[in-house]
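Encoded as structure tokens, the structure appears first; notes follow it.
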Amino acid sequence: MAGFIARRLLQGFAVLVLVATVVFILGRLTGNPADLMLPEDATGEDRQHLIEALGLDGSLFAQYVAFISSALRGDLGTSLRMRQPAVEIFFSRLPNTLAIIPWALLFAMAVGIPLGVVAAINRGRLLDRAAGTIAVLGIATPSFWLGIVLIFLFSVELGWLPSGRMGGPEHYVLPVITLGAFLTAGFMRLTRSSMLEVLDSEYVKLARIKGLSENVVIWKHCLRNALIPVLTLWGVFVGNLITGAIVTETVFAWPGVGRLTYEAVIYRDFPLLQAVIILKAILILCINLCVDILYAYVDPRIRLT
Amino acid sequence: MRSTPWLCILVIATMVFMAVFAPLLAPHSPIDQTLRDKLLPPFWLEGGSFKYVLGTDAFGRDILSRLIYGARISLLVALLALTAGGGVGLVVGIVAGYLGGVIESILMRLVDAAFTFPAILFALLLAVTLGQGLGTLVIAISLLLWASFARVIRGEVLALKQRDFVALAKVRGCSEPRIMLTHILPNVLNTFMVLVTLNIGVVVIAEASLSFLGAGIPPPTPTWGLMVSEGRGRIGDAWWVSLIPGLAITALVLSVNVCGDWLRDRLDPRLRQL
Amino acid sequence: MEVVRRVGASLLVVLLAVVHSAAAAAQQPTGTLVFAVESLAAQTLDPMLEGRPGNAVYQAAMYDSLVGFDLAKGGIGPGVAERWVMAEDGLSWVFHLRPGQTFHNGDPLTAHDVKFSLERQMSPKSLAAAAASMRRSIESIEVVDELTVRVNTKEPQLGLPATLSRAVAPEGTIMPKRYFESVGEDEFRKKPIGSGPWKFVRSVPGDRIEFEAVGHSHWRGRPYFKYLYILQIPEESTRVAMVRTGEAAIASISPETVLGAGRGGLEVLTVPGTMQAVFQFYGTWRPSVKGDPITRPRVRQALSLAIDREQIIEHVMAGKAQMPRPFATFGFTENLSIDRWKKWSGDAYRYDPVLAKKILAEEGYPDGFVLKFANVALPGTQFMISIGTAIADMWTKVGIKVNMRHYEWGAFPPMQMGDQPNLTGWASMFRTAGRPDAPWRYNSAFAPDSTERLLGDKEDCQETCGRFLDIYTAVINERDPVKRTELNDSLVQLIAESWIVVPIIEGMGYYAVNKKMVGEFAAIPGRHELGDVFERIPHPDQKPWKN
């Protein structure tokens, strides 16, 4: 087991270095933040001066070496725009994104799992198709559009909920729905397929022979076992959500890391961009590692890979 | 019991038809502006007319014509991105799965890296570096797709290579490339096709999100994502500008997914795990 | 009798005291003013760290600037300094400060603070946009006495006061010397204090900045509201939704949502003269494009005549824009024959597609030609893209084949470097901010050593370029206002008749206002943001909207 974990850690580190290099190169390719910080009528001299002030002079290779060596010491640079350590900025915004993820997952589960059960029980019939359609609606609707329509309906027209920003519980409702809608189909599909397998299995037949009511059979026995693979979806989805909440955060003005990443790209804030990508990668790799360890613990065959 | 989803097939067929025959079907040019005719409602509302059946946008462009041409772009992007991204993913998956060892390790680490890198961000960076356009969009979305294709195909190949016919081919002395091409490939095509259908929706939505973030195909080219994005400030008054292309996106993705599910059920019940 | 008079007098005193304190109580700031913007950019309260002037709106709440605004016209006016005089030899300016100003911690504002602030803005570590040009032009700064500062310049700098006003850049922001020196830079950035009518409460990165009104009167006006929150809401429809529900009182919007906001029952406030949208031609003087259609001034003029600006104003800008004056000139531009140029542009920038086609034919292009056109917009100014799209279509209608390429703003400036290979022979959308000093802007577009170099560069400065240099040099050395106006006029004429930079519309700043949450107020012309306006925004019962 220890060997397995060590191997995974090493591989994770290799991935990190790869990601760091890619983001470094790609970032520099996008241009120079100095151009976005100067007004239209700045002179070439002003620009050169600003570039030096930002520490962007020097060869690309020298900058890369400096970047990697300080990264290894835990210093991921200072944001060019906000003049604060990039790591600090990331961790000040991360809780905002993390606050909303569990709720989105719970929402998706609350809608997706029952739909999956209904679909499995009624396999091949209309209800199966209907449940599937409802779940897929979540994927099929562009999330920014869903968010804007929800704001228009529930905030402007009905006045029930606020239009955006972080705040009390009422501020969470619309962003959670928007973010969670996307995941519903995944939960529904997985629940359906694992329910179908379980429904056919031996011990369920035994439970039926024992004379237990159908409801008890389904909800007590099948669902519990069907849910094991569903939990692994959490691992996949959390990763997706951390990286993909840009659109929802923009629409609802949620000060999280998704929006931070977008701004880092637009303003060519290289240190911040590098820091955000690397830290997110670390987060996701950790989550994946935990899921893998969990799996390996359960299934010894996987330890050999 | 598993009845054919006729509605979905009809929707998809209509959209393909629109895409192919766009110049013949569209009543107006999709990019010609008539500023005076801007923001006219669809024909069934007051102020609408049959001249602009589904109304006009902020530049006075006919929504129906833009919708029809937009089908072309959306499907073109989907086709190109799925071919490129799916193709790369297919090859990587087969090679990694079959050859194993160091090659598999390296390739799978690349796949991991691709997963940790936020896809939309990659697309943004590309748009900003290479400039917005069809090519950039296709590259960006392909990069989004290849990793998930690779991972699933590799899983399939891992199972496949234990099978007898592969052992037989090895015994007969077939070279590795030959085995991969003639034995493995045909057997993963089912999975590949299902993945393709499942991901059409992803591509369409990705294009819409990128247009929203300002990294998609720039105006005046009509894409459904751009149309939704352009109209989003006017949901209160000129809702048709955003809603109609939004419905088109939803309808297409929905149909593709339901058909894809049906296809998957039919082709191989084992694939339910996807 | 005496008793009666005494009692009466005391009663009067008591009455006056009661009335006075009642009035004072009525004037206490109350309530919270919530303002939603698209971006807080760097969100730094250290003026030295904010490069782009427009983003400093939130700094304007808590800091004063050495030179202020003419609130009615929009150019410069008294600020921290009440008046300023140029020395006889032209090599220095003396600023006389307003007495009685204090910082938020009670320290008095003196000439030492002015010297400290200006030097800090000019220092090598400063990211201020004009830091380099300040270093180029300013020789030294002296404290003459507690309320007088002398700024010595290397050469006569007629435009110096304007550069120290927020009308142009935040370089004139006054920071507290004693406080800064006692707490150090890091602490100053975390707990900044200034001398403005609002004091800093807290800043939540990526979300909001909060201010509280100061407890005494201020020359800029005592705020009516107790708190000012500036919120960052990137998505425009969300901003508008917040104003409609009352979560925000004012939100910045763009032309696209002006109509919808109005229909939603909101007041739309426009700030005139904040910018010009223009299109310009790059590298027309380079040998590599000799013979190209865009090298001919009449062709460029035809392209201007092909544009229906009224249509763009009405349909793309929802009626909220104006016909432009010549490049970089506005109603508040100094030392310019405003009326003459307004008349000229009314005729020159008319819509005449028939004449346009005729000119094209006369110049040898009866069937049009291929025009390469770069569409680009500053983040947050999506309407520029819409304008670019609209004029491309208008050009198509007179027979031009437009080859439009789309550039994201960050990708554009590098292309202006060096020999401009990707831009030579291209037309491009561009913009200029509303400033009172036209020659400065002309310099950065047309001087041979500027970034844009639209007329020529140091090795290749031909006729128009040479004439520009002559007039410009004369302008910056001319101290007599009448002669200066004449020279400015000829500068404007040179460029206007060359059609190298063609204005399309004069834009405005747009705000959606919830009339139930704030009373009527006016913005400062030419000033894109509402900094310097917040303190003058009343409650609705104090000054209701007139309709």
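Ordering of the structure tokens sets the chain letters (A, B, ...); residue numbers start at 1 within each chain; ligands are numbered from 1 in the order shown.
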
Could you give me, as a VMD selection string, the residues within 12 Å of Glu156 (chain B), counting only C-alpha atoms and dropping anything in the same chain fewer than 2 positions from it?
chain B and resid 90 93 to 98 149 to 154 158 to 163 184 to 192 270 to 271 273 to 274

When you look at Met394 (chain C) with a cut-off of 9 Å (counting only C-alpha atoms), what residues show up, excluding the ones that are within fewer than 6 positions of it in the same chain? I need them as a list in words.
Gln33 of chain B; Ala306, Ile307, Asp308 and Ile400 of chain C

Same residues, N, CA and C atoms, output as a PDB file, in the first residue's frame:
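Below you can see selection-v7.pdb, which holds the result:
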ATOM      1  N   GLN B  33     -26.758  43.917 -42.016  1.00  0.00           N
ATOM      2  CA  GLN B  33     -27.436  44.661 -40.967  1.00  0.00           C
ATOM      3  C   GLN B  33     -28.439  45.653 -41.547  1.00  0.00           C
TER       4      GLN B  33
ATOM      5  N   ALA C 306     -18.891  57.165 -45.855  1.00  0.00           N
ATOM      6  CA  ALA C 306     -19.752  55.995 -46.007  1.00  0.00           C
ATOM      7  C   ALA C 306     -20.404  55.592 -44.696  1.00  0.00           C
ATOM      8  N   ILE C 307     -20.005  56.225 -43.602  1.00  0.00           N
ATOM      9  CA  ILE C 307     -20.526  55.820 -42.300  1.00  0.00           C
ATOM     10  C   ILE C 307     -21.701  56.700 -41.911  1.00  0.00           C
ATOM     11  N   ASP C 308     -22.800  56.046 -41.575  1.00  0.00           N
ATOM     12  CA  ASP C 308     -23.977  56.766 -41.108  1.00  0.00           C
ATOM     13  C   ASP C 308     -23.889  56.858 -39.587  1.00  0.00           C
ATOM     14  N   ILE C 400     -16.864  48.231 -50.667  1.00  0.00           N
ATOM     15  CA  ILE C 400     -15.571  47.824 -50.115  1.00  0.00           C
ATOM     16  C   ILE C 400     -15.682  46.393 -49.610  1.00  0.00           C
TER      17      ILE C 400
END

Residue contacts of Leu252 (chain B) (12 Å, only C-alpha atoms) excluding same-chain residues fewer than 6 positions away, as a PyMOL selection string
(chain A and resi 136-137+139-142) or (chain B and resi 7-16+71+74-75+78+197-205+224+245-246+258-260)

Output of the above residues as a PDB file, in the first residue's frame, restricted to C-alpha atoms:
ATOM      1  CA  VAL A 136     -30.023  15.871 -19.444  1.00  0.00           C
ATOM      2  CA  LEU A 137     -31.720  19.270 -19.486  1.00  0.00           C
ATOM      3  CA  ILE A 139     -26.305  19.545 -19.377  1.00  0.00           C
ATOM      4  CA  ALA A 140     -28.101  20.908 -22.379  1.00  0.00           C
ATOM      5  CA  THR A 141     -28.718  24.373 -21.020  1.00  0.00           C
ATOM      6  CA  PRO A 142     -25.726  26.676 -21.195  1.00  0.00           C
TER       7      PRO A 142
ATOM      8  CA  LEU B   7     -38.368  12.810 -31.821  1.00  0.00           C
ATOM      9  CA  CYS B   8     -34.677  13.118 -31.135  1.00  0.00           C
ATOM     10  CA  ILE B   9     -33.716  11.688 -34.464  1.00  0.00           C
ATOM     11  CA  LEU B  10     -36.063  14.151 -36.132  1.00  0.00           C
ATOM     12  CA  VAL B  11     -34.524  17.081 -34.293  1.00  0.00           C
ATOM     13  CA  ILE B  12     -31.023  16.047 -35.230  1.00  0.00           C
ATOM     14  CA  ALA B  13     -31.969  15.417 -38.816  1.00  0.00           C
ATOM     15  CA  THR B  14     -33.592  18.840 -39.049  1.00  0.00           C
ATOM     16  CA  MET B  15     -30.505  20.529 -37.759  1.00  0.00           C
ATOM     17  CA  VAL B  16     -28.222  18.667 -40.096  1.00  0.00           C
ATOM     18  CA  ALA B  71     -26.516  25.321 -37.231  1.00  0.00           C
ATOM     19  CA  SER B  74     -22.174  24.606 -34.551  1.00  0.00           C
ATOM     20  CA  LEU B  75     -22.177  21.333 -36.395  1.00  0.00           C
ATOM     21  CA  ALA B  78     -18.577  19.787 -33.440  1.00  0.00           C
ATOM     22  CA  THR B 197     -22.444  11.274 -29.428  1.00  0.00           C
ATOM     23  CA  LEU B 198     -22.169  12.055 -25.763  1.00  0.00           C
ATOM     24  CA  ASN B 199     -19.638  14.775 -26.411  1.00  0.00           C
ATOM     25  CA  ILE B 200     -21.440  16.622 -29.175  1.00  0.00           C
ATOM     26  CA  GLY B 201     -23.359  18.320 -26.445  1.00  0.00           C
ATOM     27  CA  VAL B 202     -20.181  19.186 -24.602  1.00  0.00           C
ATOM     28  CA  VAL B 203     -18.785  20.820 -27.711  1.00  0.00           C
ATOM     29  CA  VAL B 204     -21.869  22.891 -28.372  1.00  0.00           C
ATOM     30  CA  ILE B 205     -22.059  24.076 -24.781  1.00  0.00           C
ATOM     31  CA  TRP B 224     -25.705  29.865 -31.514  1.00  0.00           C
ATOM     32  CA  PRO B 245     -30.832  30.166 -30.045  1.00  0.00           C
ATOM     33  CA  GLY B 246     -30.728  28.990 -26.427  1.00  0.00           C
ATOM     34  CA  VAL B 258     -31.084  10.888 -25.565  1.00  0.00           C
ATOM     35  CA  CYS B 259     -30.158   9.313 -28.877  1.00  0.00           C
ATOM     36  CA  GLY B 260     -26.718   8.614 -27.521  1.00  0.00           C
TER      37      GLY B 260
END

Between C:Leu530, C:Leu158, C:Val513, C:Val289, which is the closest to Glu478 (chain C) once you count only C-alpha atoms?
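For Glu478 (chain C), the nearest of the candidates is C:Leu158.
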
Looking at only C-alpha atoms, which of C:Gly265, C:Pro176, C:Gly526, C:Pro503 is the one that sits closest to chain A?
C:Gly265

Distance cut-off 9 Å, counting only C-alpha atoms - which residues of chain A neighbour chain C? Return them as a ChimeraX atom specification.
/A:30-33,35-46,49-50,53-54,80-83,89,92-93,148,151-152,155-157,159,162-166,250-256,259-260,263,266-268

Output as a list in words the set of chain C residues within 7 Å of chain B, with distances taken over only C-alpha atoms.
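Residues passing the distance filter: Ser237, Thr257, Gly260, Gln311, His315, Thr389, Asp393, His406, Tyr407, Glu408 and Ala411 of chain C.
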
Just want the 12 Å neighbourhood of Ala131 (chain A), counted on only C-alpha atoms, with same-chain residues fewer than 3 positions away dropped. Output as a ChimeraX atom specification.
/A:111-128,134-138,184-185,187-189,191-192 /B:258

Using only C-alpha atoms, find which residues of chain B lie within 8 Å of chain A and jot them down as an MDAnalysis selection string.
chainID B and resid 1:3 109:110 112:113 116:121 124:126 128:129 201 205 208:209 212:213 228:229 232 235:236 246 249:254 257:258 272:274

Can I get the selected residues back with C-alpha atoms, as a PDB file, in the first residue's frame?
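Okay, part-v4.pdb is ready:
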ATOM      1  CA  MET B   1     -39.201  -1.958 -25.015  1.00  0.00           C
ATOM      2  CA  ARG B   2     -36.304   0.188 -26.068  1.00  0.00           C
ATOM      3  CA  SER B   3     -38.337   2.131 -28.569  1.00  0.00           C
ATOM      4  CA  ARG B 109       0.312  11.373 -16.907  1.00  0.00           C
ATOM      5  CA  LEU B 110      -0.294  13.651 -19.855  1.00  0.00           C
ATOM      6  CA  ASP B 112      -3.912  13.574 -15.893  1.00  0.00           C
ATOM      7  CA  ALA B 113      -2.270  16.881 -16.588  1.00  0.00           C
ATOM      8  CA  THR B 116      -6.080  19.246 -13.989  1.00  0.00           C
ATOM      9  CA  PHE B 117      -5.731  22.097 -16.428  1.00  0.00           C
ATOM     10  CA  PRO B 118      -8.996  23.947 -16.580  1.00  0.00           C
ATOM     11  CA  ALA B 119     -10.357  23.433 -20.052  1.00  0.00           C
ATOM     12  CA  ILE B 120     -12.038  26.761 -20.442  1.00  0.00           C
ATOM     13  CA  LEU B 121      -8.902  28.461 -19.327  1.00  0.00           C
ATOM     14  CA  LEU B 124      -9.163  31.403 -23.247  1.00  0.00           C
ATOM     15  CA  LEU B 125      -5.393  31.393 -23.396  1.00  0.00           C
ATOM     16  CA  LEU B 126      -5.453  30.086 -26.921  1.00  0.00           C
ATOM     17  CA  VAL B 128      -5.924  35.356 -26.556  1.00  0.00           C
ATOM     18  CA  THR B 129      -2.709  34.091 -28.130  1.00  0.00           C
ATOM     19  CA  GLY B 201     -23.359  18.320 -26.445  1.00  0.00           C
ATOM     20  CA  ILE B 205     -22.059  24.076 -24.781  1.00  0.00           C
ATOM     21  CA  ALA B 208     -21.491  28.861 -26.113  1.00  0.00           C
ATOM     22  CA  SER B 209     -19.552  29.363 -22.890  1.00  0.00           C
ATOM     23  CA  PHE B 212     -19.938  34.260 -23.387  1.00  0.00           C
ATOM     24  CA  LEU B 213     -16.421  34.771 -22.058  1.00  0.00           C
ATOM     25  CA  VAL B 228     -27.236  33.732 -26.806  1.00  0.00           C
ATOM     26  CA  SER B 229     -24.346  35.722 -25.448  1.00  0.00           C
ATOM     27  CA  ARG B 232     -28.295  38.142 -22.747  1.00  0.00           C
ATOM     28  CA  ILE B 235     -33.801  39.143 -21.536  1.00  0.00           C
ATOM     29  CA  GLY B 236     -36.279  41.608 -20.116  1.00  0.00           C
ATOM     30  CA  GLY B 246     -30.728  28.990 -26.427  1.00  0.00           C
ATOM     31  CA  ILE B 249     -28.786  24.580 -28.259  1.00  0.00           C
ATOM     32  CA  THR B 250     -30.848  22.846 -25.617  1.00  0.00           C
ATOM     33  CA  ALA B 251     -32.855  20.924 -28.207  1.00  0.00           C
ATOM     34  CA  LEU B 252     -29.775  19.748 -30.056  1.00  0.00           C
ATOM     35  CA  VAL B 253     -27.856  18.693 -26.979  1.00  0.00           C
ATOM     36  CA  LEU B 254     -30.899  17.027 -25.482  1.00  0.00           C
ATOM     37  CA  ASN B 257     -27.840  12.829 -25.526  1.00  0.00           C
ATOM     38  CA  VAL B 258     -31.084  10.888 -25.565  1.00  0.00           C
ATOM     39  CA  ARG B 272     -23.926   1.547 -19.285  1.00  0.00           C
ATOM     40  CA  GLN B 273     -21.168   2.389 -16.919  1.00  0.00           C
ATOM     41  CA  LEU B 274     -20.319   5.393 -19.017  1.00  0.00           C
TER      42      LEU B 274
END

Taking into account only C-alpha atoms, which residue in the set B:Thr83, B:Thr182, B:Leu137, B:Phe115 is nearest to Phe237 (chain A)?
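Ranking B:Thr83, B:Thr182, B:Leu137, B:Phe115 by distance to Phe237 (chain A), first place goes to B:Phe115.
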